[in-house]
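Okay, so here's the structure we're looking at.
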Number of protein chains: 2
Amino acid sequence: MTTTPTPTQATRRGRPGYDRQTLVDLCVKVFNRHGYEATSMGMLATELGISKSAIYHHVKTKEEILQSALDDALDGLEAVTEQAEHTAGPARDKIEALIKGAVKVLVNRQHSVTLLLRLRGNSEVETKALLRRRDLTTRLASLIADAQAEGSVRETTSPKVLARLIYGTVNSLVDWYSPEKSAGAEQTGDVLVDLIFQGIEQD
Amino acid sequence: MTTTPTPTQATRRGRPGYDRQTLVDLCVKVFNRHGYEATSMGMLATELGISKSAIYHHVKTKEEILQSALDDALDGLEAVTEQAEHTAGPARDKIEALIKGAVKVLVNRQHSVTLLLRLRGNSEVETKALLRRRDLTTRLASLIADAQAEGSVRETTSPKVLARLIYGTVNSLVDWYSPEKSAGAEQTGDVLVDLIFQGIEQD
């Protein structure tokens with residue numbers, strides 16, 4: 001499997017190069033393929049077909065790339081959670097907005113979310129990201145509790161367990177969503193909302 | 001984070017040791033914490049508090065441990081799929097049996113299933129495991145197609161996408177299920193079946 005680099009204007013300086021964002025994106029794909037810990041700066045340089053100094057031109061450490069990617073994923077998920085919480089109407093509609101928003105983030109930032117979901121908390125950067133991720137689940141659980149109180153969501157299961165299962169369903173997208181073969185983000189969001197709210201059973 | 005080893009009879013030979021299954025289980029936890037590729041035999045020995053030769057007493061290579069763990073996960077999932085397919089009654093009931101069976105495997109073999117779910121196909125062993133995993137999804141999709149034909153499952157979404165989403169919901173267990181804090185396998189299976197069939201919405 002090879003990455004498909006898109007060299008940028010930096011090449012005019014006589015060496016292959018990328019802008020910082022492209023560099024981070026390509027490194028994240030390598031992390032996801034071999035695991036973050038197993039990936040060295042040397043491997044990144046080899047896989048990207050550039051020199052290590054071309055990488056150090058943008059970032060000081062491997063962890064700085066990790067931090068950038070995790071921020072990318074978490075900033076996106078936090079933004080849609082914030083938007084959902086401020087959606088007008090019943091809590092039910094806020095949950096729907098959150099699911100659709102999260103699907104968009106997963107589709108548009110598939111690789112950085114994949115990296116986030118595989119973290120085990122082996123460093124301070126990872127631990128902080130896991131705390132931010134846990135907070136997102138808590139905020140969804142809070143909306144579910146509101147919806148149960150307003151009578152729009154069934155009370156058979158606790159908000160916390162439902163929030164984890166809903167995120168499980170949504171997060172599975174990173175493993176199988178294909179920008180080329182799957183439906184677009186909007187239609188995929190509709191499918192997820194339909195499944196999560198109505199279930200698969202024919203009434 | 002430390003593993004909590006339970007030395008076995010092998011210790012009577014004057015060196016700490018485990019039976020093969022215990023050894024594999026402990027190694028899988030280390031793989032899951034650091035990533036399979038990043039974990040060396042030396043790291044395994046250090047984390048388990050035994051010598052490398054004590055590991056080589058049971059296995060020839062790191063890949064042999066991976067293969068054992070993947071077989072453990074996949075054999076379990078294939079067995080419950082087989083059982084579900086032979087469950088009497090409509091396809092709807094077979095799907096329910098499959099979900100409950102898969103939950104039991106995930107709860108009882110949480111670490112080996114976690115390892116399976118993080119594979120990227122970087123070797124022949126991994127590629128073969130991914131093919132077996134894909135086959136499980138195809139078999140669930142086939143039951144869903146049958147259930148749609150019999151009118152018990154709604155036809156709004158394709159069997160393939162539904163199978164992936166259902167496995168996504170079930171697989172999320174490996175990330176948050178706690179043998180100490182969560183409900184037992186049977187009750188968890190009931191929650192999953194209820195959510196997947198009925199959805200969260202209060203009618």
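The way I read the labels, and the way they are meant: chains A, B, ... in the order of the structure tokens, residue 1 as the first residue of every chain, and ligand 1 as the first ligand shown, with later ones counted on from there.
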Can you pull out every residue within 8 Å of A:Val107, counting only C-alpha atoms, but drop anything in the same chain fewer than 3 positions away, and send it as a short mmCIF file (atom, residue, chain, number, x, y, z; two decimals) with N, CA, C and O atoms, in the first residue's frame?
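File produced: result_15.cif:
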data_model
loop_
_atom_site.label_atom_id
_atom_site.label_comp_id
_atom_site.auth_asym_id
_atom_site.auth_seq_id
_atom_site.Cartn_x
_atom_site.Cartn_y
_atom_site.Cartn_z
N VAL A 103 -21.10 12.02 12.09
CA VAL A 103 -20.87 11.27 10.84
C VAL A 103 -20.08 12.13 9.86
O VAL A 103 -19.12 11.65 9.22
N LYS A 104 -20.44 13.41 9.75
CA LYS A 104 -19.70 14.30 8.84
C LYS A 104 -18.23 14.38 9.23
O LYS A 104 -17.34 14.33 8.37
N GLN A 110 -11.56 10.99 8.48
CA GLN A 110 -11.57 9.56 8.78
C GLN A 110 -10.25 9.08 9.41
O GLN A 110 -10.26 8.33 10.39
N LEU A 173 -17.85 3.55 11.36
CA LEU A 173 -17.63 4.12 10.03
C LEU A 173 -16.15 4.18 9.66
O LEU A 173 -15.80 3.96 8.50
N VAL A 174 -15.30 4.51 10.63
CA VAL A 174 -13.88 4.66 10.27
C VAL A 174 -13.31 3.36 9.72
O VAL A 174 -12.33 3.38 8.97
N TYR A 177 -16.07 2.85 6.05
CA TYR A 177 -16.53 3.88 5.13
C TYR A 177 -15.50 4.09 4.02
O TYR A 177 -14.31 4.22 4.28
N PRO A 179 -14.78 6.69 0.83
CA PRO A 179 -15.21 7.91 0.13
C PRO A 179 -15.63 7.61 -1.31
O PRO A 179 -16.48 8.28 -1.87
N ALA A 185 -21.74 11.76 2.99
CA ALA A 185 -21.84 11.97 4.44
C ALA A 185 -23.29 12.22 4.87
O ALA A 185 -23.74 11.70 5.89
#
### Message
Neighbouring residues of B:Asn171 were defined as those with any atom within 9 Å, considering only C-alpha atoms; residues of the same chain fewer than 6 positions away were excluded. Please report them as a ChimeraX atom specification.
### Response
/A:168-169,172 /B:102-103,106,113-114,117
### Query
Hey, what's within 9 Å of A:Leu195 if we count only C-alpha atoms and toss same-chain stuff fewer than 4 positions away? As a VMD selection string, please?
(chain A and resid 190 to 191 199 to 200) or (chain B and resid 157 162 165 196 to 199)
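Counting only C-alpha atoms, the residue from B:Thr39, B:Thr46, B:Thr81, B:Ser112 that sits nearest to chain A is B:Thr39.
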### Task
Enter the distance from atom CA of A:Thr156 to atom CA of B:Ala84, in Å, rounded to one decimal.
25.4 Å
